[in-house]
Amino acid sequence: MIRFLTAGESHGKSLVTIIDGFPSNLPISLDYINFHLKRRQQGYGRSTRMKIESDAANILSGIRFGKTIGSPISILIENKDWVNWIEEMDLEKKSKETPRVTIPRPGHADLVGSTKYNFNDIRNSIERSSARETAARVAAGTVARKFLEHFGISIGSYVESIGDVYSSKKFFNSLLANKKTAIESGWSISLKADKSILRLLDKSQGENIVKKLKSIKKNGDTVGGTFITIATGIPVGLGSFMQYDQRLDADIAFYFMSINAVKGIEIGSGFSSAEKTGSQVHDEIIFNKEGFSRSSNNAGGIEGGISNGSPIIVRSAMKPISTLAKPLNTLDLGTMKKVSARYERSDITAVPACAVISESMLAWVLAKHFLVKFGGDSIQETKDNFDNYNNKSIKRIRTNFRK
Ligand code: EPS
């Protein structure tokens, strides 16, 4: 079983990830990890913090001569902004000048975190609840992505909407229709999206969104949006219905909802399937020389908690960032008087970055279920198990049921 843990405060010295359980002999390069870390930092609407940070992985263990050796992989990412926070984040003692944060922002973890952990300074909540931590997750997810690539699994994402601005082109519908032209591979979608500063597939949508973002910024406000994450090349059989916690869709929902500010997720036609009839929703089964497939993909690639071989399609909703330049009302916990929330700096939107993070979360959850199914201590052993299953599973089904 693979696992990872992250550590690090947003304005502390660095972030750290420990990634455990990947087989040996998987080729992986620093450039590859850094490429995906950089992708997370892009996007129109980010705060000046992104001009300070330039995320780069410092691999401390687990890789030798460009390949995993089966030992825990540890990766350190420096926070360049730390030098501006040395006193606030001192490990030993507080300087007299360091003011305590006493005003919680509505929608942030400030108040709940301070209540739960018995803090007298909201900074302690701010630091770890910050989405800065997602850089460490992308490092972990990128190792998982590399592993999946070895088996032809490809992951990508794009931003569907920011605020209420959608494209008229309805690309999501062509994904659900399983149109071969809509999707070459998961990564091919990211390649297109990465060309746009908002990670959109439709250029004309971009102009309307930029207009909207400018007016939102002027009003001191923030905005969320929706994004689609896709994985292709998935074998049949990841996940299980044998236990509730082995279901692939349930696990995807867990990892996606763990991303900061994600408030909603659906798989395939999700919520809209509740408004339709069974005959409109369920994907008909087809068989040809490539094996079984489905006429459409409203199931989003998962039936009964198990991958069915169609692309996995996840649609998520991110709420607006909760730090507002024109703040909402809250209380000063020091005086218990009504005040405006604190503001230092903030992203206006971070939906493009969130989509990139979701790729890492999808990579992680798929790699986890892949290794549960195929196991292996070396990548060669995993490949043998995978090939054996792929070569035999369809033949077996046909023999088992032959009349
Ligand atoms: C974040 C607040 C901002 C973002 C940060 C997430 O940071 P700061 O408090 O330093 O202005 O820039 O995101 C990142 C640093 C990052 O790397 O994505 C928050 O409150 O979640």
# chains A, B, ... in the order shown; residues from 1 in each chain; ligands from 1
call {"tool": "residues_near_ligand", "arguments": {"ligand": "ligand 1", "cutoff": "7 Å", "atoms": "only C-alpha atoms and all ligand atoms", "output": "VMD selection string"}}
result
chain A and resid 10 to 11 41 46 to 47 49 to 50 126 129 to 132 134 to 135 344 to 347
call {"tool": "residues_around", "arguments": {"residues": "Phe22 of chain A", "least_positions_apart": "3", "cutoff": "9 Å", "atoms": "only C-alpha atoms", "output": "ChimeraX atom specification"}}
result
/A:1-3,19,26,68-73,143-144,147,371,376-379
call {"tool": "atom_distance", "arguments": {"atom1": "atom CA of Ser167 of chain A", "atom2": "atom CA of Ser296 of chain A"}}
result
21.6 Å
call {"tool": "residues_around", "arguments": {"residues": "Glu78 of chain A", "least_positions_apart": "2", "cutoff": "12 Å", "atoms": "only C-alpha atoms", "output": "PyMOL selection string"}}
result
chain A and resi 7-17+52-59+75-76+80-83+132-133+135-136
call {"tool": "select_by_dssp", "arguments": {"residues": "segment 112-311 of chain A", "states": "helix (DSSP H, G or I)", "output": "VMD selection string"}}
result
chain A and resid 112 to 117 123 to 129 131 to 149 171 to 176 180 to 182 186 to 193 203 to 218 244 to 246 248 to 257 270 to 273 278 to 281
call {"tool": "atom_distance", "arguments": {"atom1": "atom CA of Ile153 of chain A", "atom2": "atom CA of Thr399 of chain A"}}
result
27.8 Å
call {"tool": "select_by_dssp", "arguments": {"residues": "segment 245-393 of chain A", "states": "strand (DSSP E or B)", "output": "MDAnalysis selection string"}}
result
chainID A and resid 262:267 285:288 291:294 302:303 306:307 312:318 329:332 337:340 378
call {"tool": "atom_distance", "arguments": {"atom1": "atom CA of Lys146 of chain A", "atom2": "atom CA of Ile77 of chain A"}}
result
18.9 Å
call {"tool": "closest_residue", "arguments": {"among": "A:Ser188, A:Gln42, A:Ser279, A:Thr226", "to": "Gly156 of chain A", "atoms": "only C-alpha atoms"}}
result
A:Ser188
